[in-house]
file start-v9.txt (compact mmCIF, C-alpha atoms)
# COMPACT_ATOMS: atom_id res chain seq x y z
CA MET A 285 27.79 17.90 -6.30
CA GLN A 286 25.04 17.23 -3.81
CA SER A 287 25.69 17.77 -0.16
CA ARG A 288 26.02 14.73 2.10
CA ARG A 289 22.79 15.56 3.91
CA ASP A 290 20.70 15.79 0.78
CA PRO A 291 17.26 14.40 1.70
CA ILE A 292 16.90 12.83 -1.75
CA LEU A 293 20.08 10.82 -1.33
CA ASP A 294 19.10 9.86 2.20
CA SER A 295 15.70 8.67 0.96
CA VAL A 296 17.34 6.65 -1.80
CA GLU A 297 19.62 4.98 0.74
CA LEU A 298 16.59 4.15 2.85
CA LEU A 299 14.88 2.52 -0.13
CA VAL A 300 18.04 0.58 -0.97
CA HIS A 301 18.13 -0.81 2.56
CA GLU A 302 14.44 -1.66 2.40
CA LEU A 303 14.97 -3.57 -0.82
CA ALA A 304 17.95 -5.42 0.60
CA GLU A 305 15.85 -6.38 3.59
CA GLN A 306 12.85 -7.59 1.63
CA ARG A 307 14.13 -9.05 -1.61
CA PRO A 308 15.62 -12.36 -0.41
CA ARG A 309 12.60 -13.14 1.69
CA GLY A 310 10.17 -13.58 -1.18
CA LEU A 311 6.42 -13.44 -0.72
CA GLY A 312 5.04 -13.06 2.77
CA PHE A 313 2.41 -15.37 4.20
CA ARG A 314 0.58 -15.37 7.47
CA VAL A 315 -0.94 -18.49 9.01
CA ILE A 316 -3.54 -18.02 11.70
CA HIS A 317 -3.85 -20.64 14.42
CA CYS A 318 -6.92 -20.40 16.62
CA PHE A 319 -7.72 -22.01 19.96
CA ARG A 320 -4.20 -21.88 21.30
CA LYS A 321 -3.94 -23.17 24.82
CA PRO A 322 -2.06 -20.67 26.97
CA GLY A 323 1.59 -21.60 27.30
CA THR A 324 1.72 -23.70 24.16
CA ILE A 325 2.65 -22.94 20.58
CA CYS A 326 1.32 -25.02 17.71
CA GLY A 327 0.11 -27.66 20.11
CA PRO A 328 -2.63 -30.25 19.72
CA GLY A 329 -6.12 -28.83 19.54
CA GLU A 330 -5.23 -25.70 17.61
CA GLU A 331 -7.08 -24.95 14.43
CA ILE A 332 -5.33 -23.68 11.32
CA ALA A 333 -7.96 -21.04 10.73
CA ALA A 334 -6.65 -19.19 7.71
CA VAL A 335 -3.73 -18.64 5.39
CA LEU A 336 -3.14 -15.10 4.18
CA LEU A 337 -0.86 -13.58 1.61
CA VAL A 338 0.65 -10.32 2.83
CA HIS A 339 1.52 -7.83 0.12
CA GLN A 340 2.19 -4.12 0.57
CA GLY A 341 0.60 -4.12 4.00
CA ARG A 342 -2.61 -5.80 2.89
CA GLU A 343 -3.81 -9.31 3.60
CA TYR A 344 -5.29 -11.53 0.92
CA TRP A 345 -7.11 -14.65 2.00
CA LEU A 346 -6.15 -17.92 0.32
CA PRO A 347 -9.32 -19.91 -0.39
CA LEU A 348 -8.14 -23.19 1.10
CA PRO A 349 -10.10 -26.00 2.71
CA LEU A 350 -8.79 -27.62 5.88
CA SER A 351 -6.70 -30.29 4.16
CA LEU A 352 -4.89 -27.71 2.04
CA ARG A 353 -4.39 -25.38 5.01
CA ILE A 354 -2.68 -28.28 6.76
CA LEU A 355 -0.55 -28.97 3.69
CA PHE A 356 0.38 -25.30 3.41
CA ASP A 357 1.28 -25.10 7.09
CA TYR A 358 3.44 -28.20 6.79
CA LEU A 359 5.27 -26.93 3.69
CA ALA A 360 5.78 -23.49 5.23
CA ARG A 361 7.66 -25.13 8.10
CA ALA A 362 9.78 -27.38 5.91
CA ARG A 363 13.21 -26.01 5.15
CA TYR A 364 14.04 -28.47 2.39
CA PRO A 365 11.99 -29.92 -0.46
CA GLN A 366 9.58 -32.56 0.75
CA SER A 367 8.61 -35.65 -1.20
CA ALA A 368 5.05 -36.98 -1.16
CA ALA A 369 6.02 -39.70 1.31
CA GLN A 370 7.70 -37.19 3.62
CA ILE A 371 4.67 -34.92 3.51
CA VAL A 372 2.28 -37.74 4.36
CA SER A 373 4.36 -39.14 7.21
CA GLY A 374 5.18 -35.66 8.50
CA ILE A 375 1.52 -34.68 8.67
CA ARG A 376 0.48 -37.97 10.26
CA ARG A 377 3.07 -37.72 13.00
CA ASN A 378 2.55 -34.10 13.96
CA PRO A 379 0.01 -33.80 16.80
CA LEU A 380 -1.02 -30.37 15.55
CA TYR A 381 -2.32 -31.77 12.28
CA VAL A 382 -3.72 -34.99 13.69
CA SER A 383 -5.89 -33.20 16.19
CA ASP A 384 -6.36 -30.03 14.19
CA ASN A 385 -9.85 -28.55 14.57
CA ALA A 386 -10.52 -30.68 17.65
CA THR A 387 -11.59 -27.72 19.75
CA SER A 388 -13.42 -25.85 17.05
CA LYS A 389 -17.07 -26.16 16.17
CA HIS A 390 -16.24 -29.13 13.97
CA GLU A 391 -14.97 -30.94 17.02
CA ARG A 392 -15.77 -34.38 15.81
CA ARG A 393 -14.06 -33.93 12.54
CA ARG A 394 -10.42 -34.88 12.59
CA ALA A 395 -7.95 -33.93 9.95
CA LEU A 396 -8.06 -36.63 7.35
CA PRO A 397 -4.67 -38.07 6.52
CA ILE A 398 -3.68 -37.15 3.01
CA PRO A 399 -3.04 -40.26 0.91
CA ARG A 400 0.37 -40.27 -0.68
CA SER A 401 -1.05 -40.73 -4.16
CA PHE A 402 -3.17 -37.57 -3.70
CA VAL A 403 -0.31 -35.27 -2.74
CA ARG A 404 0.33 -34.26 -6.34
CA VAL A 405 -3.33 -33.36 -6.79
CA TYR A 406 -3.36 -31.42 -3.54
CA ILE A 407 -0.27 -29.52 -4.62
CA GLU A 408 -2.02 -28.51 -7.85
CA ARG A 409 -5.07 -27.34 -5.89
CA LEU A 410 -2.83 -25.39 -3.58
CA ARG A 411 -1.22 -23.74 -6.60
CA LEU A 412 -4.65 -22.89 -7.95
CA ALA A 413 -5.54 -21.09 -4.71
CA ILE A 414 -2.18 -19.30 -4.67
CA ARG A 415 -2.69 -18.26 -8.30
CA LYS A 416 -6.12 -16.81 -7.54
CA THR A 417 -4.76 -14.88 -4.59
CA LEU A 418 -1.76 -13.58 -6.53
CA ASN A 419 -4.14 -12.33 -9.21
CA GLU A 420 -6.27 -10.64 -6.59
CA ALA A 421 -3.18 -8.95 -5.18
CA GLY A 422 -2.20 -7.79 -8.67
CA LEU A 423 1.01 -9.82 -8.71
CA THR A 424 2.19 -11.41 -11.92
CA ILE A 425 4.20 -14.16 -10.24
CA GLU A 426 3.51 -17.73 -11.33
CA ALA A 427 2.14 -19.97 -8.59
CA ARG A 428 4.63 -22.57 -9.78
CA ASP A 429 7.43 -20.18 -8.76
CA VAL A 430 5.98 -19.89 -5.27
CA LEU A 431 5.30 -23.58 -4.71
CA LEU A 432 8.17 -25.34 -6.41
CA SER A 433 8.35 -28.88 -7.73
CA GLN A 434 11.92 -30.07 -7.74
CA ARG A 435 12.76 -33.38 -9.37
CA THR A 436 15.34 -35.61 -7.78
CA VAL A 437 17.71 -37.82 -9.78
CA THR A 438 14.91 -40.37 -9.88
CA ASN A 439 11.25 -39.77 -10.60
CA GLU A 440 10.60 -38.63 -7.06
CA MET A 441 9.47 -35.04 -6.78
CA GLY A 442 10.21 -32.64 -3.96
CA TYR A 443 7.85 -29.77 -3.11
CA ARG A 444 8.94 -26.56 -1.51
CA LEU A 445 7.25 -23.29 -0.64
CA LEU A 446 9.24 -20.12 -1.28
CA GLY A 447 8.71 -17.08 0.86
CA HIS A 448 8.56 -16.20 4.49
CA CYS A 449 5.78 -17.11 6.82
CA GLU A 450 4.62 -15.93 10.20
CA TRP A 451 2.27 -17.77 12.49
CA ILE A 452 -0.22 -15.84 14.51
CA HIS A 453 -1.79 -17.61 17.47
CA ILE A 454 -5.09 -16.67 18.97
CA ASP A 455 -5.84 -17.99 22.42
CA ALA A 456 -8.72 -20.31 23.13
CA LEU A 457 -10.30 -17.71 25.41
CA SER A 458 -10.29 -14.99 22.76
CA SER A 459 -13.37 -13.84 20.97
CA PRO A 460 -14.18 -15.79 17.82
CA CYS A 461 -12.21 -14.67 14.82
CA ASN A 462 -13.74 -13.73 11.55
CA VAL A 463 -11.43 -15.31 9.04
CA HIS A 464 -13.58 -15.88 6.02
CA ASP A 465 -13.75 -12.36 4.71
CA GLY A 466 -9.97 -12.22 4.72
CA ARG A 467 -9.51 -8.48 4.76
CA ALA A 468 -11.69 -7.80 7.76
CA PHE A 469 -9.64 -10.11 9.93
CA ARG A 470 -9.25 -8.79 13.44
CA LEU A 471 -6.74 -10.02 15.93
CA SER A 472 -7.62 -10.39 19.54
CA PRO A 473 -5.29 -9.00 22.19
CA GLN A 474 -4.04 -12.48 23.06
CA VAL A 475 -2.01 -13.11 19.95
CA HIS A 476 1.34 -14.71 19.74
CA THR A 477 3.42 -14.36 16.62
CA VAL A 478 6.10 -16.72 15.41
CA ARG A 479 8.04 -15.72 12.35
CA SER A 480 9.95 -18.07 10.15
CA ALA A 481 11.62 -17.85 6.79
CA VAL A 482 11.36 -20.77 4.45
CA GLY A 483 13.41 -21.55 1.42
CA GLN A 484 15.94 -18.81 1.98
CA SER A 485 18.98 -20.93 1.48
CA LEU A 486 17.76 -22.44 -1.76
CA ASN A 487 16.33 -19.41 -3.47
CA ASN A 488 18.26 -19.72 -6.70
CA ASN A 489 15.89 -21.73 -8.82
CA MET B 132 24.29 -0.54 -4.80
CA ALA B 133 21.04 -0.23 -6.68
CA GLN B 134 19.93 0.35 -10.24
CA ILE B 135 18.14 3.66 -10.34
CA LEU B 136 16.11 5.40 -12.98
CA LEU B 137 16.27 9.15 -12.50
CA ILE B 138 13.52 11.19 -14.15
CA SER B 139 13.84 14.95 -14.22
CA SER B 140 13.07 17.57 -16.84
CA ASN B 141 15.76 19.84 -15.43
CA GLU B 142 18.96 18.75 -17.14
CA VAL B 143 21.34 20.48 -14.72
CA GLU B 144 19.55 19.07 -11.72
CA ARG B 145 19.43 15.63 -13.31
CA THR B 146 23.14 15.60 -14.06
CA LYS B 147 24.08 16.74 -10.56
CA LEU B 148 21.87 14.23 -8.81
CA ALA B 149 23.00 11.42 -11.12
CA ALA B 150 26.61 12.24 -10.32
CA ALA B 151 25.88 12.17 -6.60
CA LEU B 152 24.10 8.83 -6.89
CA ARG B 153 26.90 7.35 -8.99
CA HIS B 154 29.38 8.65 -6.43
CA ARG B 155 27.55 6.49 -3.88
CA GLY B 156 27.96 3.45 -6.08
CA HIS B 157 24.55 3.26 -7.73
CA ILE B 158 23.96 2.62 -11.41
CA VAL B 159 21.88 5.46 -12.81
CA CYS B 160 19.80 5.69 -15.95
CA LEU B 161 18.37 9.04 -16.98
CA ALA B 162 15.09 10.14 -18.52
CA ASP B 163 13.68 13.64 -19.01
CA HIS B 164 10.05 12.74 -18.23
CA CYS B 165 7.93 9.75 -17.27
CA GLY B 166 6.67 9.19 -20.79
CA THR B 167 10.16 8.54 -22.12
CA ALA B 168 11.23 6.37 -19.22
CA ASP B 169 11.62 2.85 -20.46
CA PHE B 170 12.28 1.57 -16.99
CA ARG B 171 12.20 -2.08 -17.94
CA SER B 172 15.07 -2.06 -20.37
CA GLY B 173 16.88 1.03 -19.19
CA ILE B 174 19.93 -0.59 -17.69
CA GLY B 175 21.33 -3.60 -19.49
CA PRO B 176 20.01 -7.00 -18.53
CA GLN B 177 19.36 -5.96 -14.97
CA ARG B 178 16.12 -4.33 -14.00
CA ILE B 179 15.50 -1.00 -12.40
CA GLU B 180 15.07 -1.23 -8.64
CA ILE B 181 14.29 2.36 -7.72
CA VAL B 182 12.67 5.16 -9.73
CA VAL B 183 13.53 8.67 -8.56
CA CYS B 184 11.25 11.28 -10.08
CA ASP B 185 11.37 15.07 -9.96
CA VAL B 186 7.81 16.37 -9.59
CA ALA B 187 8.60 20.08 -9.27
CA VAL B 188 7.04 20.87 -12.62
CA LEU B 189 3.94 18.82 -13.30
CA ASN B 190 1.24 19.84 -15.73
CA GLU B 191 -1.86 17.80 -16.57
CA ALA B 192 0.01 15.55 -18.97
CA GLY B 193 2.83 15.15 -16.45
CA TRP B 194 0.37 13.97 -13.79
CA ARG B 195 -1.12 11.51 -16.26
CA GLU B 196 2.27 10.05 -17.07
CA LEU B 197 3.21 9.90 -13.40
CA ARG B 198 -0.03 8.06 -12.57
CA ALA B 199 0.54 5.60 -15.40
CA LEU B 200 4.09 4.95 -14.24
CA ALA B 201 3.01 4.53 -10.62
CA GLU B 202 0.30 2.09 -11.68
CA LEU B 203 2.82 0.09 -13.67
CA LEU B 204 5.21 -0.04 -10.74
CA ARG B 205 2.49 -0.92 -8.26
CA HIS B 206 1.75 -4.17 -10.07
CA ASP B 207 5.38 -5.05 -10.60
CA PRO B 208 6.21 -8.32 -8.85
CA ALA B 209 9.79 -7.24 -8.24
CA GLY B 210 8.54 -4.42 -6.06
CA ILE B 211 10.20 -1.46 -7.76
CA ARG B 212 10.25 1.49 -5.38
CA MET B 213 9.38 5.01 -6.43
CA LEU B 214 10.67 8.15 -4.82
CA CYS B 215 9.35 11.54 -5.86
CA TYR B 216 11.05 14.73 -4.83
CA CYS B 217 10.37 18.42 -5.20
CA ARG B 218 12.79 21.28 -4.69
CA ILE B 219 9.95 23.78 -4.48
CA TYR B 220 7.60 23.69 -1.51
CA ARG B 221 4.05 23.07 -2.71
CA GLY B 222 2.36 22.29 0.57
CA PRO B 223 1.11 19.13 2.26
CA ARG B 224 -1.77 18.59 -0.19
CA PHE B 225 0.65 18.20 -3.06
CA GLN B 226 2.69 15.74 -1.01
CA LEU B 227 -0.45 13.75 -0.21
CA ASP B 228 -1.46 13.65 -3.88
CA VAL B 229 1.90 12.17 -4.82
CA GLU B 230 1.92 9.70 -1.94
CA ARG B 231 -1.54 8.50 -2.96
CA LEU B 232 0.10 7.14 -6.09
CA GLY B 233 2.11 4.79 -3.89
CA ALA B 234 5.34 6.74 -4.09
CA ARG B 235 7.52 8.06 -1.32
CA PHE B 236 7.84 11.80 -1.28
CA VAL B 237 10.48 14.17 -0.01
CA TYR B 238 10.81 17.94 -0.14
CA ALA B 239 14.40 18.82 -0.96
CA GLU B 240 14.44 22.61 -0.79

call {"tool": "encode", "arguments": {"input": "start-v9.txt", "output": "structure tokens"}}
result
Amino acid sequence: MQSRRDPILDSVELLVHELAEQRPRGLGFRVIHCFRKPGTICGPGEEIAAVLLVHQGREYWLPLPLSLRILFDYLARARYPQSAAQIVSGIRRNPLYVSDNATSKHERRRALPIPRSFVRVYIERLRLAIRKTLNEAGLTIEARDVLLSQRTVTNEMGYRLLGHCEWIHIDALSSPCNVHDGRAFRLSPQVHTVRSAVGQSLNNN
Amino acid sequence: MAQILLISSNEVERTKLAAALRHRGHIVCLADHCGTADFRSGIGPQRIEIVVCDVAVLNEAGWRELRALAELLRHDPAGIRMLCYCRIYRGPRFQLDVERLGARFVYAE
């Protein structure tokens, strides 16, 4: 019989605890918000600069345009499945999305409201980007299992993102961030991180 | 409790360690080397969560099998963990070589 202080058994216990910690949380995502005004979090004027998949300590950039970054950010915050109407009204009413990009170089460009009839198309495009990134990360998970479509008792569809997400804020006074090469992303000293888990309570699908 | 695949060519060692792991409540499946380890269907309908591998005796073929197994596990979406152990001290270079495969390593002298 092995002794109680056997390093192999101790290492196995450590791995068991790691698994227990990580399994229910699903995939990890990181959303970068730039141009944060000091003292605010996710306030008007911030730019959703990038969405990253975090897997085994590496970051993989999701190739998303502004409208899909907004949609991703909205779904990552939603705890319950969101219908197309809820997504549209939720995005229109949130000052972060309405004035997103206002302080960036595309200052004049405001986030276009997503038409309700386009939500389904946007969801498919979002899945396409997730699929590409999962492939790049070497994961064999279906994008449909990450971004779920859940039918209600009627024809209405609810959309939900599974996984856990953290928001990283970069202050307006920080040096410009290089987000488009994904892996070479550098954080300035003035970062503020907000972590949130989404879809934990409804993981059994 | 976890489902563990224990790979060791030393039968006595394997039996002892399996007994200790079972004593702690884990479900253990045994294999004598990486090539025979069918880790996907080893334990009933449930999947293996942790692979524990004895790397004390590794020849060229053994390294090849270990690399193939590590590569398989690295791309597994369920995130199967791999722990390699060695009861003989082989130095830090050996440890680094094993850890480069993506496995944890522990000397258990």

call {"tool": "interface_residues", "arguments": {"input": "start-v9.txt", "of": "chain B", "to": "chain A", "cutoff": "6 Å", "atoms": "all atoms listed in the file", "output": "list in words"}}
result
Lys147, Ala151, His206, Pro208 and Ala239 of chain B

call {"tool": "residues_around", "arguments": {"input": "start-v9.txt", "residues": "Pro347 in chain A", "least_positions_apart": "5", "cutoff": "10 Å", "atoms": "all atoms listed in the file", "output": "PyMOL selection string"}}
result
chain A and resi 334-336+352-353+410+412-414+416-417+464+466

call {"tool": "residues_around", "arguments": {"input": "start-v9.txt", "residues": "Asn378 in chain A", "least_positions_apart": "6", "cutoff": "10 Å", "atoms": "all atoms listed in the file", "output": "NGL selection string"}}
result
:A and (326-328 or 358 or 384)

call {"tool": "write_last_selection", "arguments": {"input": "start-v9.txt", "atoms": "C-alpha atoms", "output": "tab-separated table (two decimals), in the coordinates of the input"}}
result
chain	number	residue	atom	x	y	z
A	326	CYS	CA	1.32	-25.02	17.71
A	327	GLY	CA	0.11	-27.66	20.11
A	328	PRO	CA	-2.63	-30.25	19.72
A	358	TYR	CA	3.44	-28.20	6.79
A	384	ASP	CA	-6.36	-30.03	14.19

call {"tool": "atom_distance", "arguments": {"input": "start-v9.txt", "atom1": "CA of Leu446 in chain A", "atom2": "CA of Leu346 in chain A"}}
result
15.6 Å

call {"tool": "axis_aligned_box", "arguments": {"input": "start-v9.txt", "around": "range 348-357 of chain A", "padding_each_side": "8 Å", "output": "AutoDock Vina command-line options"}}
result
--center_x -4.4 --center_y -26.7 --center_z 4.1 --size_x 27.4 --size_y 23.1 --size_z 22.0

call {"tool": "closest_residue", "arguments": {"input": "start-v9.txt", "among": "A:His453, A:Arg363, A:Arg404, A:Arg289", "to": "Glu440 in chain A", "atoms": "only C-alpha atoms"}}
result
A:Arg404

call {"tool": "atom_distance", "arguments": {"input": "start-v9.txt", "atom1": "CA of Trp194 in chain B", "atom2": "CA of Pro223 in chain B"}}
result
16.9 Å

call {"tool": "atom_distance", "arguments": {"input": "start-v9.txt", "atom1": "CA of Val186 in chain B", "atom2": "CA of Leu200 in chain B"}}
result
12.9 Å

call {"tool": "residues_near_point", "arguments": {"input": "start-v9.txt", "point": "(21.3, 6.4, -9.2)", "cutoff": "9 Å", "atoms": "all atoms listed in the file", "output": "PDB file with C-alpha atoms, keeping the file's coordinate frame"}}
result
ATOM      1  CA  VAL A 296      17.340   6.650  -1.800  1.00  0.00           C
TER       2      VAL A 296
ATOM      3  CA  MET B 132      24.290  -0.540  -4.800  1.00  0.00           C
ATOM      4  CA  ALA B 133      21.040  -0.230  -6.680  1.00  0.00           C
ATOM      5  CA  GLN B 134      19.930   0.350 -10.240  1.00  0.00           C
ATOM      6  CA  ILE B 135      18.140   3.660 -10.340  1.00  0.00           C
ATOM      7  CA  LEU B 136      16.110   5.400 -12.980  1.00  0.00           C
ATOM      8  CA  LEU B 137      16.270   9.150 -12.500  1.00  0.00           C
ATOM      9  CA  LEU B 148      21.870  14.230  -8.810  1.00  0.00           C
ATOM     10  CA  ALA B 149      23.000  11.420 -11.120  1.00  0.00           C
ATOM     11  CA  ALA B 150      26.610  12.240 -10.320  1.00  0.00           C
ATOM     12  CA  ALA B 151      25.880  12.170  -6.600  1.00  0.00           C
ATOM     13  CA  LEU B 152      24.100   8.830  -6.890  1.00  0.00           C
ATOM     14  CA  ARG B 153      26.900   7.350  -8.990  1.00  0.00           C
ATOM     15  CA  HIS B 154      29.380   8.650  -6.430  1.00  0.00           C
ATOM     16  CA  ARG B 155      27.550   6.490  -3.880  1.00  0.00           C
ATOM     17  CA  GLY B 156      27.960   3.450  -6.080  1.00  0.00           C
ATOM     18  CA  HIS B 157      24.550   3.260  -7.730  1.00  0.00           C
ATOM     19  CA  ILE B 158      23.960   2.620 -11.410  1.00  0.00           C
ATOM     20  CA  VAL B 159      21.880   5.460 -12.810  1.00  0.00           C
ATOM     21  CA  CYS B 160      19.800   5.690 -15.950  1.00  0.00           C
ATOM     22  CA  LEU B 161      18.370   9.040 -16.980  1.00  0.00           C
ATOM     23  CA  ILE B 181      14.290   2.360  -7.720  1.00  0.00           C
ATOM     24  CA  VAL B 182      12.670   5.160  -9.730  1.00  0.00           C
ATOM     25  CA  VAL B 183      13.530   8.670  -8.560  1.00  0.00           C
TER      26      VAL B 183
END

call {"tool": "closest_residue", "arguments": {"input": "start-v9.txt", "among": "A:Ile454, A:Val338, A:Ala368, A:Ala333", "to": "Ile354 in chain A", "atoms": "all atoms listed in the file"}}
result
A:Ala333

call {"tool": "residues_around", "arguments": {"input": "start-v9.txt", "residues": "Arg218 in chain B", "least_positions_apart": "6", "cutoff": "8 Å", "atoms": "only C-alpha atoms", "output": "list in words"}}
result
Ala187, Tyr238, Ala239 and Glu240 of chain B

call {"tool": "decode", "arguments": {"input": "start-v9.txt", "residues": "range 432-449 of chain A", "atoms": "N, CA, C and O atoms", "output": "mmCIF file, in the first residue's frame"}}
result
data_model
loop_
_atom_site.group_PDB
_atom_site.id
_atom_site.type_symbol
_atom_site.label_atom_id
_atom_site.label_comp_id
_atom_site.auth_asym_id
_atom_site.auth_seq_id
_atom_site.Cartn_x
_atom_site.Cartn_y
_atom_site.Cartn_z
ATOM 1 N N LEU A 432 -25.676 28.062 -28.102
ATOM 2 C CA LEU A 432 -26.837 27.179 -28.203
ATOM 3 C C LEU A 432 -28.049 27.890 -28.773
ATOM 4 O O LEU A 432 -28.259 29.080 -28.526
ATOM 5 N N SER A 433 -28.851 27.140 -29.520
ATOM 6 C CA SER A 433 -30.181 27.596 -29.927
ATOM 7 C C SER A 433 -31.178 26.728 -29.180
ATOM 8 O O SER A 433 -31.160 25.506 -29.326
ATOM 9 N N GLN A 434 -32.006 27.345 -28.387
ATOM 10 C CA GLN A 434 -32.966 26.576 -27.604
ATOM 11 C C GLN A 434 -34.383 27.002 -27.977
ATOM 12 O O GLN A 434 -34.761 28.162 -27.787
ATOM 13 N N ARG A 435 -35.134 26.053 -28.486
ATOM 14 C CA ARG A 435 -36.498 26.360 -28.939
ATOM 15 C C ARG A 435 -37.434 26.432 -27.747
ATOM 16 O O ARG A 435 -37.336 25.637 -26.816
ATOM 17 N N THR A 436 -38.330 27.383 -27.803
ATOM 18 C CA THR A 436 -39.354 27.478 -26.763
ATOM 19 C C THR A 436 -40.536 26.597 -27.181
ATOM 20 O O THR A 436 -40.458 25.894 -28.199
ATOM 21 N N VAL A 437 -41.631 26.657 -26.443
ATOM 22 C CA VAL A 437 -42.793 25.833 -26.816
ATOM 23 C C VAL A 437 -43.438 26.359 -28.097
ATOM 24 O O VAL A 437 -44.238 25.660 -28.725
ATOM 25 N N THR A 438 -43.122 27.577 -28.468
ATOM 26 C CA THR A 438 -43.579 28.077 -29.771
ATOM 27 C C THR A 438 -42.391 28.048 -30.726
ATOM 28 O O THR A 438 -41.397 27.380 -30.454
ATOM 29 N N ASN A 439 -42.497 28.802 -31.793
ATOM 30 C CA ASN A 439 -41.399 28.817 -32.766
ATOM 31 C C ASN A 439 -40.239 29.711 -32.338
ATOM 32 O O ASN A 439 -39.200 29.729 -32.989
ATOM 33 N N GLU A 440 -40.449 30.456 -31.285
ATOM 34 C CA GLU A 440 -39.413 31.399 -30.853
ATOM 35 C C GLU A 440 -38.157 30.637 -30.396
ATOM 36 O O GLU A 440 -38.261 29.608 -29.745
ATOM 37 N N MET A 441 -37.037 31.198 -30.754
ATOM 38 C CA MET A 441 -35.761 30.550 -30.429
ATOM 39 C C MET A 441 -34.996 31.387 -29.406
ATOM 40 O O MET A 441 -34.994 32.615 -29.487
ATOM 41 N N GLY A 442 -34.395 30.707 -28.452
ATOM 42 C CA GLY A 442 -33.553 31.414 -27.490
ATOM 43 C C GLY A 442 -32.091 31.076 -27.751
ATOM 44 O O GLY A 442 -31.755 29.933 -28.061
ATOM 45 N N TYR A 443 -31.214 32.070 -27.632
ATOM 46 C CA TYR A 443 -29.790 31.856 -27.897
ATOM 47 C C TYR A 443 -29.009 32.056 -26.603
ATOM 48 O O TYR A 443 -29.262 32.994 -25.851
ATOM 49 N N ARG A 444 -28.070 31.176 -26.394
ATOM 50 C CA ARG A 444 -27.302 31.257 -25.151
ATOM 51 C C ARG A 444 -25.860 30.818 -25.400
ATOM 52 O O ARG A 444 -25.603 29.861 -26.125
ATOM 53 N N LEU A 445 -24.953 31.537 -24.780
ATOM 54 C CA LEU A 445 -23.524 31.241 -24.912
ATOM 55 C C LEU A 445 -23.082 30.452 -23.687
ATOM 56 O O LEU A 445 -23.331 30.880 -22.561
ATOM 57 N N LEU A 446 -22.447 29.309 -23.924
ATOM 58 C CA LEU A 446 -21.965 28.503 -22.804
ATOM 59 C C LEU A 446 -20.487 28.779 -22.576
ATOM 60 O O LEU A 446 -19.717 28.843 -23.526
ATOM 61 N N GLY A 447 -20.111 28.871 -21.335
ATOM 62 C CA GLY A 447 -18.706 29.104 -21.019
ATOM 63 C C GLY A 447 -18.585 30.179 -19.969
ATOM 64 O O GLY A 447 -19.589 30.641 -19.424
ATOM 65 N N HIS A 448 -17.375 30.558 -19.699
ATOM 66 C CA HIS A 448 -17.178 31.650 -18.760
ATOM 67 C C HIS A 448 -16.381 32.751 -19.458
ATOM 68 O O HIS A 448 -15.561 32.487 -20.328
ATOM 69 N N CYS A 449 -16.689 33.941 -19.078
ATOM 70 C CA CYS A 449 -16.119 35.086 -19.780
ATOM 71 C C CYS A 449 -15.520 36.065 -18.778
ATOM 72 O O CYS A 449 -16.062 36.241 -17.691
#
